[in-house]
Amino acid sequence: MTAAATLAAKPATMAQALQRAMRDAMAEDARVHVLGEDVGTLGGVFRVTDGLAKEFGEDRCTDTPLAEAGILGTAVGMAMYGLRPVVEMQFDAFAYPAFEQLISHVAKMRNRTRGAMPLPIVVRVPYGGGIGGVEHHSDSSEAYYMATPGLKVVAPATVADAYGLLREAIDCDDPVVFLEPKRLYWSKADWSPHPVEPIGRAVVRRTGRSATLITYGPSVPVCLEAAEAAKEEGWDLEVVDLRSLVPFDDETVCASVRRTGRAVVVHESTGFGGPGGEIAARVTERCFHHLEAPVLRVAGFDIPYPPPMLERHHLPGVDRVLDAVARLQWEA
Amino acid sequence: MTAAATLAAKPATMAQALQRAMRDAMAEDARVHVLGEDVGTLGGVFRVTDGLAKEFGEDRCTDTPLAEAGILGTAVGMAMYGLRPVVEMQFDAFAYPAFEQLISHVAKMRNRTRGAMPLPIVVRVPYGGGIGGVEHHSDSSEAYYMATPGLKVVAPATVADAYGLLREAIDCDDPVVFLEPKRLYWSKADWSPHPVEPIGRAVVRRTGRSATLITYGPSVPVCLEAAEAAKEEGWDLEVVDLRSLVPFDDETVCASVRRTGRAVVVHESTGFGGPGGEIAARVTERCFHHLEAPVLRVAGFDIPYPPPMLERHHLPGVDRVLDAVARLQWEA
Amino acid sequence: MTVQELPGAAAAYPAFTLRTDPAPLLPDTEPYRVLGLGTDSPLDPALMRRLYEGLVRGRRYNAQATALTKQGRLAVYPSSTGQEACEIAAALVLQEQDWLFPSYRDTLAAVARGLDPVEALTLLRGDWHTGYDPREHRIAPLCTPLATQLPHAVGLAHAARLAGDDVVALAMVGDGGTSEGDFHEALNFAAVWQAPVVFLVQNNGFAISVPLAKQTAAPSLAHKAVGYGMPGRLVDGNDAAAVHEVLGEAMRLARSGGGPTLVEAVTYRMEAHTNADDATRYRGDAEVEAWRAHDPVDLLERELTGRGLLDEETIRTVREGAETMAADLRARMNADPVLDPMELFAHVYAEQTSQLREQAAMLRDELEAGAGR
Amino acid sequence: MTVQELPGAAAAYPAFTLRTDPAPLLPDTEPYRVLGLGTDSPLDPALMRRLYEGLVRGRRYNAQATALTKQGRLAVYPSSTGQEACEIAAALVLQEQDWLFPSYRDTLAAVARGLDPVEALTLLRGDWHTGYDPREHRIAPLCTPLATQLPHAVGLAHAARLAGDDVVALAMVGDGGTSEGDFHEALNFAAVWQAPVVFLVQNNGFAISVPLAKQTAAPSLAHKAVGYGMPGRLVDGNDAAAVHEVLGEAMRLARSGGGPTLVEAVTYRMEAHTNADDATRYRGDAEVEAWRAHDPVDLLERELTGRGLLDEETIRTVREGAETMAADLRARMNADPVLDPMELFAHVYAEQTSQLREQAAMLRDELEAGAGR
Ligand SMILES: Cc1ncc(C[n+]2csc(CCOP(=O)(O)OP(=O)(O)O)c2C)c(N)n1
Ligand SMILES: Cc1ncc(C[n+]2csc(CCOP(=O)(O)OP(=O)(O)O)c2C)c(N)n1
Ligand SMILES: [Mg+2]
Ligand SMILES: [Mg+2]
């Protein structure tokens, strides 16, 4: 971050930083188009595209008909013609109708065409729970995207990353599924627009010596809070924010785990078949003899996302993270 | 298996056993309906539904319009009315258009309605590669289904299991994604219809003491062959056929790994974000102190499924399994 | 031979005939109307009275539910204020054994069909996803993923027809929902199977902020019927008598083996999309006010009063009944629902998997530890 | 105000007008025909000659490709024998800058547009998924997941229009493909955006084994256009002159800003779905034979000969040219393609991830070890 940027820092929410990322990208590059349901006049149901239609016109920021496969499918065509579409799926579960387009075309087009036709598309997905949404409004669907070669999968956890990673994603020549943690939309920080570490790099958000918490997106603040609370128990926890699930930063993660010898993966997505399995498995493959205990996972339960009044029981919170840390065989 | 059944055994292919399972279920239970593209007059592109329309009429075995979301969506309605639909998706990648129906309704309906409205639907998916199919005809999509609570996920590897597990799946009050390994359709065995171990139980296909190969579906024969070949190197490999990915049989798998102390997970699906991560992670969580080496994975590469002429390089074969076994830190 | 007939012996090219005559499938150019026309074609007094009562109570129900969001008693409420004629007619047109497939906006239709309003609001209160047994009431779960309930309605109707049962399914969807692939696939399956199902599109002018002009270029949404080979009907969605008549006709057609119908009811969403929405961002007061002049409750009340089918006394009784209903709803919604977090694991599968048993045990321990503190 | 216009001051209900007049959108009741009618409305001799040459070569190409499957030189071939009039007219109607969006059955259209036949067959030979640079030829990859290419065509046409470029997209799909949700969504987007795109449905009577009667109950597939607010046209798909004319008109409309058109070409798939299919399981010889009497190549040849636009000499030259093309194709397809397994990792992302680098290294080691043995 430059000194100038720091000086100009002002309080901003993650939603505002995301808006600003699209705004700046659209201003710099006429090929960037935003499309989706209610992204124009309304500015999106979370107001993340607020003002874009007004500033750039409805041809650049377009309210589409209500059809997610159609939105992503037409975005593919736009990208084939050289545009750089940024697509909004209104909520995680409403990206499912676009699944075939995503898996069979978006993820594969570059490969199918021997690199001749890359698709620089960003699929923005407001994702995850914790906002009291009724069913189908709180899914954590990253496991589906992770399991699909050809997609990059990114999830910011901070205001600065929201801006920086979205700029990176829009600049990226590969398709990016950009997971925006809904419950962090209104999280705030003093911030001014500035570049960040590239997609594919994890960042150590907090250094520590006792164990590593490996996490991303909405669970990063939870882990940081847990790390603070852990001090009382005498644990000095390191927190690694993955930032992108694909590409995965084995280097940063494994370096941390080799240092600490213990690790817990924390995410909100269901445990079984969720990202944590992959992460735990690859860390174990790479750091086996450094591990004092198996890599544990703290995740959402293996259930459909609960109704609003019960979601707090499902979401991995500080206590559950600390319980897992306690099970890391300290006596051994 | 009863003695009578054994006596009557005759050579049969997996495709025939699957056909027989539907036939017998339809004969016993008028609520069982089969629907899909080309399942009627043609008997399915793999002939797995051959003769069903003729024997039970087109109302029981129905050629639908060409629309997978429509097929699964109408099956949901049929199940709501009390039928037990068995749906065929023509190929793995052509199940993707039905993804929203599968995730947002099929998997969740029982839970949404507090158990009042279970959906006993079987979604048959000819899956996986090795048959020289052009793109979109060889996907291994089990990771998507595994990550979706509410679905059971089953993959037979033998002729007997093809029949027995499909009967189980049709009898099951939960929705089952039934993955039929395409390249085993024409595999043969002496067989007569008989019940098998229930869904949710893994089976040790070959006992051994040196290490455990954990696998399922199309990779089971590969592992059995690898185990034979391994004898030469002095390794006595145990092969566990999972049979169902959900529910997962922790007991059988962990008992084996605790015995052998070493394990390799083998599947054809891509490695990153694939089933192997979950399996390796949970085995490690449960058997950490029994492990002499990290649980390794042998999987398809993290690439879109290759074109026919290159697929053999992608598919995990005997050599790759043996290479992994060799890396299980025997010197330690 | 299907569409393409065999070439006749003499003809140099294959004869071709349309599968069905499109003319009778085409909707009229004007929405069908009954009320406010100044004509006096007969109206069924008992039915009108039931519709009127339904509309008045429905309006009150919408107001009460919206109020409950302000009091934090509902997580969210998508009001059908202004659309009560559709909601009530849809409910009243059904026979006991018929099925209703509501969208997330149609709690009112479910309530008018006889569902307990608290059970109907469970989803929106947030204690569970569906508050009732769909089979008991023959009301499918309120459906949030747009248009996905339509193939369900088709499948259910098809299954009922195969069983020889006298069951018709009525499926509700919004104008926005017609753009989804599931709408298309459902209508096509219904027509091919001649399933006894009626599709009611409430065209309320908007899909959240998106006006119909950005949703479709079709002459009307009812015109979509032609492409499936089913009749399309256009009706004034604020005219309860007209909606009931058009739906009734479609139900009769379906019941008699005549297959599906697509009905477009032209109406207007008087309030914001939900309490969380700010409608001033995308539409002006003038439009809303203009529609207020065509209010479904007023329209029916005026007509029935004019015809002498409704007197002050009845109006008062009906309104009082609505107030009682609202008070009762308010009171019951003010009580905290009793929730058991352990239920999270109860309905995922018919039988709990060992994984879910482990997780349930963990949560139970946490809850007990928490209770102990 | 959108569909629902504001109520007039005097009116008791809101005025309503159809968004568009449906009448001109409706297709004729008979497929449009030019050839074999015994009339002598003028035909463009140069165009007819190009069509004729295309059809003859196309027929030969189909035969050759089918033969290559028997020799194991193609993994699979979905033949367009019998549908050459559609394939060739679709290719010839395009201008240099226009885009073609073919389905998996349309390699012939791609070849007729100028693509090298070996490149067109790469997918079906199995050495890679797409054998050409789509941008160089303005031919999208041959598309296997049905109807999914249609929204791509709409998006591309829309992008071109926004850029002010004179580009029209022609998208091809089968009768079965019209049942998919993507068909619906693509046509709706196209109409709302008034995108310069033409949808050509080849109704060849079957989707693998499923006849049209199980696919739709619509009067015709062209009637689906009405529900999107675009014109629907019905054309004899075996009449190359008619297909070219109808498509040409649709292209002109699109090019001049008039938006999309849906064209249904009624034709017949003379061979099995692919070489792997057994068509005798679901249709009789009589039907096939009847269609043979309406063969697109014969039809055009007869007409042009009758009109004196084609002589024996030309016919012979054209046929010889077709044989040369086939011999050349055969020869080139008999050569084994040179494959590099390492390419598997080359195009997944713009830059290889560390994971892919690891995996590539593993395969390279294996290959080297294997080569060493
Ligand atoms: C598949 C899907 N996509 C998006 C949404 C988010 N969403 C909820 S309501 C709505 C607008 C619906 O408009 P319409 O169908 O006209 O119904 P109305 O709200 O007017 O009753 C949208 C986009 C959803 N629920 N489902
Ligand atoms: C989404 C999807 N579902 C199923 C298939 C399998 N499949 C390939 S071709 C075909 C029939 C296509 O029929 P039609 O659209 O009429 O085209 P035609 O083969 O007659 O040219 C089917 C079902 C597919 N390719 N894509
Ligand atoms: Mg609406
Ligand atoms: Mg066809």
# chains A, B, ... in the order shown; residues from 1 in each chain; ligands from 1

call {"tool": "residues_around", "arguments": {"residues": "segment 162-175 of chain C", "least_positions_apart": "5", "cutoff": "8 Å", "atoms": "only C-alpha atoms", "output": "number ranges by chain"}}
result
B: 59; C: 90, 94, 97-103, 106, 146-147, 149-150, 153-154, 156-157, 196-207, 212, 215, 221, 251, 254-255

call {"tool": "interface_residues", "arguments": {"of": "chain B", "to": "chain D", "cutoff": "6 Å", "atoms": "only C-alpha atoms", "output": "compact mmCIF listing (two decimals) with N, CA, C and O atoms, in the first residue's frame"}}
result
# COMPACT_ATOMS: atom_id res chain seq x y z
N ASP B 38 -34.88 -41.48 -24.23
CA ASP B 38 -34.63 -42.71 -24.99
C ASP B 38 -34.71 -43.99 -24.14
O ASP B 38 -34.21 -45.03 -24.57
N LEU B 42 -36.21 -47.31 -27.35
CA LEU B 42 -34.82 -47.67 -27.63
C LEU B 42 -34.21 -48.54 -26.54
O LEU B 42 -33.30 -49.32 -26.80
N PRO B 65 -39.58 -35.69 -23.04
CA PRO B 65 -38.93 -34.64 -23.82
C PRO B 65 -37.49 -34.46 -23.36
O PRO B 65 -37.12 -34.89 -22.26
N LEU B 66 -36.71 -33.82 -24.18
CA LEU B 66 -35.27 -33.71 -23.96
C LEU B 66 -34.95 -32.53 -23.04
O LEU B 66 -34.63 -31.43 -23.51
N ALA B 67 -35.04 -32.74 -21.75
CA ALA B 67 -34.84 -31.64 -20.80
C ALA B 67 -34.63 -32.25 -19.43
O ALA B 67 -35.57 -32.72 -18.80
N PRO B 307 -9.69 -35.78 -24.38
CA PRO B 307 -10.28 -36.39 -25.57
C PRO B 307 -9.93 -37.88 -25.63
O PRO B 307 -8.96 -38.31 -25.00
N PRO B 308 -10.72 -38.66 -26.37
CA PRO B 308 -10.55 -40.11 -26.41
C PRO B 308 -9.11 -40.58 -26.58
O PRO B 308 -8.67 -41.49 -25.88
N MET B 309 -8.38 -39.94 -27.48
CA MET B 309 -7.04 -40.46 -27.76
C MET B 309 -6.05 -40.22 -26.64
O MET B 309 -4.94 -40.76 -26.67

call {"tool": "atom_distance", "arguments": {"atom1": "atom CA of Asp161 of chain B", "atom2": "atom CA of Gln19 of chain B"}}
result
12.7 Å

call {"tool": "residues_around", "arguments": {"residues": "Ala89 of chain C", "least_positions_apart": "2", "cutoff": "7 Å", "atoms": "only C-alpha atoms", "output": "PyMOL selection string"}}
result
chain C and resi 51+85-87+91-93+240+243-244

call {"tool": "closest_residue", "arguments": {"among": "D:Ala159, D:Leu247, D:Leu234, D:Leu55", "to": "chain C", "atoms": "only C-alpha atoms"}}
result
D:Leu234

call {"tool": "closest_residue", "arguments": {"among": "B:Met109, B:Ala116, B:Ala12, B:Ile214", "to": "chain A", "atoms": "only C-alpha atoms"}}
result
B:Met109

call {"tool": "atom_distance", "arguments": {"atom1": "atom CA of Gly300 of chain B", "atom2": "atom CA of Tyr145 of chain A"}}
result
16.7 Å

call {"tool": "interface_residues", "arguments": {"of": "chain A", "to": "chain B", "cutoff": "7 Å", "atoms": "only C-alpha atoms", "output": "NGL selection string"}}
result
:A and (96-97 or 99-100 or 108 or 143-144 or 146-147 or 149 or 272-275 or 277-278 or 280-281 or 284-285 or 288 or 294-296 or 302-304)

call {"tool": "select_by_dssp", "arguments": {"residues": "segment 199-355 of chain D", "states": "alpha helix (DSSP H)", "output": "JSON, numbers by chain"}}
result
{"D": [240, 241, 242, 243, 244, 245, 246, 247, 248, 249, 250, 251, 252, 253, 254, 255, 285, 286, 287, 288, 289, 290, 291, 292, 296, 297, 298, 299, 300, 301, 302, 303, 304, 305, 306, 312, 313, 314, 315, 316, 317, 318, 319, 320, 321, 322, 323, 324, 325, 326, 327, 328, 329, 330, 331, 332, 333, 334, 354, 355]}

call {"tool": "interface_residues", "arguments": {"of": "chain C", "to": "chain D", "cutoff": "8 Å", "atoms": "only C-alpha atoms", "output": "PyMOL selection string"}}
result
chain C and resi 1-4+6-7+12-14+16-22+29-31+36+179-185+188-189+191-192+205+211-230+266+287+290-291+293-294

call {"tool": "residues_around", "arguments": {"residues": "Ala63 of chain C", "least_positions_apart": "2", "cutoff": "12 Å", "atoms": "only C-alpha atoms", "output": "JSON, numbers by chain"}}
result
{"C": [56, 57, 58, 59, 60, 61, 65, 66, 67, 68, 69, 70, 77, 78, 79, 80, 81, 82, 84, 108, 270, 271, 275, 322, 323, 325, 326, 327, 329, 330]}

call {"tool": "atom_distance", "arguments": {"atom1": "atom CA of Gly77 of chain A", "atom2": "atom CA of His158 of chain D"}}
result
8.4 Å

call {"tool": "residues_around", "arguments": {"residues": "Asp171 of chain A", "least_positions_apart": "4", "cutoff": "10 Å", "atoms": "only C-alpha atoms", "output": "VMD selection string"}}
result
chain A and resid 25 29 32 84 120 to 122 165 to 167

call {"tool": "select_by_dssp", "arguments": {"residues": "segment 147-340 of chain C", "states": "strand (DSSP E or B)", "output": "ChimeraX atom specification"}}
result
/C:169-174,197-203,206-207,210-211,232-236,261-266

call {"tool": "write_last_selection", "arguments": {"atoms": "N, CA, C and O atoms", "output": "mmCIF file, in the first residue's frame"}}
result
data_model
loop_
_atom_site.group_PDB
_atom_site.id
_atom_site.type_symbol
_atom_site.label_atom_id
_atom_site.label_comp_id
_atom_site.auth_asym_id
_atom_site.auth_seq_id
_atom_site.Cartn_x
_atom_site.Cartn_y
_atom_site.Cartn_z
ATOM 1 N N ALA C 169 -53.678 -30.009 -10.598
ATOM 2 C CA ALA C 169 -52.683 -29.191 -9.907
ATOM 3 C C ALA C 169 -52.723 -27.770 -10.444
ATOM 4 O O ALA C 169 -52.786 -27.571 -11.659
ATOM 5 N N LEU C 170 -52.727 -26.820 -9.526
ATOM 6 C CA LEU C 170 -52.674 -25.407 -9.916
ATOM 7 C C LEU C 170 -51.330 -24.863 -9.456
ATOM 8 O O LEU C 170 -51.015 -24.893 -8.266
ATOM 9 N N ALA C 171 -50.537 -24.376 -10.410
ATOM 10 C CA ALA C 171 -49.188 -23.907 -10.090
ATOM 11 C C ALA C 171 -49.084 -22.409 -10.322
ATOM 12 O O ALA C 171 -49.488 -21.902 -11.363
ATOM 13 N N MET C 172 -48.516 -21.722 -9.345
ATOM 14 C CA MET C 172 -48.434 -20.263 -9.404
ATOM 15 C C MET C 172 -46.988 -19.810 -9.630
ATOM 16 O O MET C 172 -46.065 -20.350 -9.035
ATOM 17 N N VAL C 173 -46.851 -18.782 -10.443
ATOM 18 C CA VAL C 173 -45.513 -18.266 -10.726
ATOM 19 C C VAL C 173 -45.647 -16.789 -11.103
ATOM 20 O O VAL C 173 -46.737 -16.347 -11.492
ATOM 21 N N GLY C 174 -44.555 -16.052 -10.978
ATOM 22 C CA GLY C 174 -44.591 -14.634 -11.303
ATOM 23 C C GLY C 174 -44.155 -14.357 -12.731
ATOM 24 O O GLY C 174 -43.662 -15.256 -13.430
ATOM 25 N N VAL C 197 -53.003 -29.865 -15.335
ATOM 26 C CA VAL C 197 -52.353 -28.817 -14.548
ATOM 27 C C VAL C 197 -52.707 -27.460 -15.137
ATOM 28 O O VAL C 197 -52.893 -27.328 -16.352
ATOM 29 N N VAL C 198 -52.858 -26.488 -14.272
ATOM 30 C CA VAL C 198 -53.148 -25.116 -14.690
ATOM 31 C C VAL C 198 -52.016 -24.235 -14.194
ATOM 32 O O VAL C 198 -51.645 -24.302 -13.018
ATOM 33 N N PHE C 199 -51.444 -23.451 -15.097
ATOM 34 C CA PHE C 199 -50.366 -22.535 -14.732
ATOM 35 C C PHE C 199 -50.931 -21.135 -14.597
ATOM 36 O O PHE C 199 -51.503 -20.608 -15.553
ATOM 37 N N LEU C 200 -50.793 -20.563 -13.422
ATOM 38 C CA LEU C 200 -51.264 -19.193 -13.211
ATOM 39 C C LEU C 200 -50.057 -18.271 -13.066
ATOM 40 O O LEU C 200 -49.319 -18.348 -12.078
ATOM 41 N N VAL C 201 -49.856 -17.418 -14.059
ATOM 42 C CA VAL C 201 -48.795 -16.415 -13.977
ATOM 43 C C VAL C 201 -49.401 -15.129 -13.446
ATOM 44 O O VAL C 201 -50.293 -14.552 -14.079
ATOM 45 N N GLN C 202 -48.947 -14.701 -12.300
ATOM 46 C CA GLN C 202 -49.346 -13.379 -11.830
ATOM 47 C C GLN C 202 -48.354 -12.378 -12.396
ATOM 48 O O GLN C 202 -47.245 -12.250 -11.886
ATOM 49 N N ASN C 203 -48.776 -11.703 -13.412
ATOM 50 C CA ASN C 203 -47.946 -10.647 -13.982
ATOM 51 C C ASN C 203 -48.213 -9.377 -13.197
ATOM 52 O O ASN C 203 -49.168 -8.647 -13.463
ATOM 53 N N PHE C 206 -43.469 -6.496 -12.199
ATOM 54 C CA PHE C 206 -42.075 -6.418 -11.782
ATOM 55 C C PHE C 206 -41.538 -7.750 -11.283
ATOM 56 O O PHE C 206 -42.277 -8.545 -10.692
ATOM 57 N N ALA C 207 -40.277 -7.950 -11.510
ATOM 58 C CA ALA C 207 -39.513 -8.990 -10.832
ATOM 59 C C ALA C 207 -38.500 -8.220 -9.992
ATOM 60 O O ALA C 207 -37.521 -7.705 -10.532
ATOM 61 N N VAL C 210 -37.121 -5.240 -11.785
ATOM 62 C CA VAL C 210 -37.060 -5.342 -13.244
ATOM 63 C C VAL C 210 -38.468 -5.330 -13.847
ATOM 64 O O VAL C 210 -39.260 -6.224 -13.577
ATOM 65 N N PRO C 211 -38.765 -4.341 -14.642
ATOM 66 C CA PRO C 211 -40.110 -4.241 -15.208
ATOM 67 C C PRO C 211 -40.295 -5.244 -16.352
ATOM 68 O O PRO C 211 -39.326 -5.728 -16.927
ATOM 69 N N GLY C 232 -53.749 -20.352 -24.145
ATOM 70 C CA GLY C 232 -53.316 -19.244 -23.304
ATOM 71 C C GLY C 232 -54.502 -18.338 -23.022
ATOM 72 O O GLY C 232 -55.281 -18.036 -23.930
ATOM 73 N N ARG C 233 -54.653 -17.948 -21.765
ATOM 74 C CA ARG C 233 -55.761 -17.063 -21.414
ATOM 75 C C ARG C 233 -55.214 -15.835 -20.707
ATOM 76 O O ARG C 233 -54.301 -15.920 -19.893
ATOM 77 N N LEU C 234 -55.796 -14.727 -21.009
ATOM 78 C CA LEU C 234 -55.387 -13.448 -20.443
ATOM 79 C C LEU C 234 -56.547 -12.960 -19.601
ATOM 80 O O LEU C 234 -57.692 -12.935 -20.070
ATOM 81 N N VAL C 235 -56.266 -12.585 -18.356
ATOM 82 C CA VAL C 235 -57.358 -12.159 -17.485
ATOM 83 C C VAL C 235 -56.914 -10.970 -16.643
ATOM 84 O O VAL C 235 -55.732 -10.825 -16.326
ATOM 85 N N ASP C 236 -57.875 -10.123 -16.346
ATOM 86 C CA ASP C 236 -57.613 -9.000 -15.440
ATOM 87 C C ASP C 236 -57.410 -9.567 -14.044
ATOM 88 O O ASP C 236 -58.348 -10.069 -13.419
ATOM 89 N N THR C 261 -53.496 -25.513 -19.224
ATOM 90 C CA THR C 261 -53.764 -24.151 -19.709
ATOM 91 C C THR C 261 -52.782 -23.204 -19.039
ATOM 92 O O THR C 261 -52.416 -23.410 -17.878
ATOM 93 N N LEU C 262 -52.379 -22.197 -19.775
ATOM 94 C CA LEU C 262 -51.560 -21.125 -19.197
ATOM 95 C C LEU C 262 -52.432 -19.893 -19.040
ATOM 96 O O LEU C 262 -53.002 -19.397 -20.024
ATOM 97 N N VAL C 263 -52.561 -19.406 -17.814
ATOM 98 C CA VAL C 263 -53.367 -18.216 -17.545
ATOM 99 C C VAL C 263 -52.449 -17.087 -17.106
ATOM 100 O O VAL C 263 -51.680 -17.257 -16.163
ATOM 101 N N GLU C 264 -52.514 -15.974 -17.790
ATOM 102 C CA GLU C 264 -51.793 -14.780 -17.330
ATOM 103 C C GLU C 264 -52.787 -13.832 -16.699
ATOM 104 O O GLU C 264 -53.734 -13.380 -17.351
ATOM 105 N N ALA C 265 -52.563 -13.523 -15.432
ATOM 106 C CA ALA C 265 -53.401 -12.562 -14.732
ATOM 107 C C ALA C 265 -52.635 -11.250 -14.605
ATOM 108 O O ALA C 265 -51.584 -11.209 -13.974
ATOM 109 N N VAL C 266 -53.158 -10.220 -15.223
ATOM 110 C CA VAL C 266 -52.473 -8.927 -15.202
ATOM 111 C C VAL C 266 -52.858 -8.188 -13.934
ATOM 112 O O VAL C 266 -54.027 -7.869 -13.713
#

call {"tool": "residues_around", "arguments": {"residues": "Arg31 of chain B", "least_positions_apart": "6", "cutoff": "9 Å", "atoms": "only C-alpha atoms", "output": "number ranges by chain"}}
result
B: 60, 82-85

call {"tool": "write_last_selection", "arguments": {"atoms": "N, CA and C atoms", "output": "PDB file, in the first residue's frame"}}
result
ATOM      1  N   ARG B  60     -45.162 -46.629 -17.667  1.00  0.00           N
ATOM      2  CA  ARG B  60     -44.256 -47.016 -16.570  1.00  0.00           C
ATOM      3  C   ARG B  60     -42.800 -46.775 -16.946  1.00  0.00           C
ATOM      4  N   GLY B  82     -46.484 -40.036  -4.516  1.00  0.00           N
ATOM      5  CA  GLY B  82     -46.375 -41.387  -3.970  1.00  0.00           C
ATOM      6  C   GLY B  82     -45.682 -42.401  -4.870  1.00  0.00           C
ATOM      7  N   LEU B  83     -45.261 -41.971  -6.046  1.00  0.00           N
ATOM      8  CA  LEU B  83     -44.542 -42.897  -6.920  1.00  0.00           C
ATOM      9  C   LEU B  83     -43.069 -42.972  -6.502  1.00  0.00           C
ATOM     10  N   ARG B  84     -42.369 -43.928  -7.105  1.00  0.00           N
ATOM     11  CA  ARG B  84     -40.937 -44.096  -6.838  1.00  0.00           C
ATOM     12  C   ARG B  84     -40.203 -44.030  -8.179  1.00  0.00           C
ATOM     13  N   PRO B  85     -39.931 -42.811  -8.635  1.00  0.00           N
ATOM     14  CA  PRO B  85     -39.342 -42.657  -9.973  1.00  0.00           C
ATOM     15  C   PRO B  85     -37.856 -43.044 -10.011  1.00  0.00           C
TER      16      PRO B  85
END

call {"tool": "closest_residue", "arguments": {"among": "D:Gly38, D:Arg269, D:Glu96, D:Pro296", "to": "ligand 4", "atoms": "only C-alpha atoms and all ligand atoms"}}
result
D:Arg269
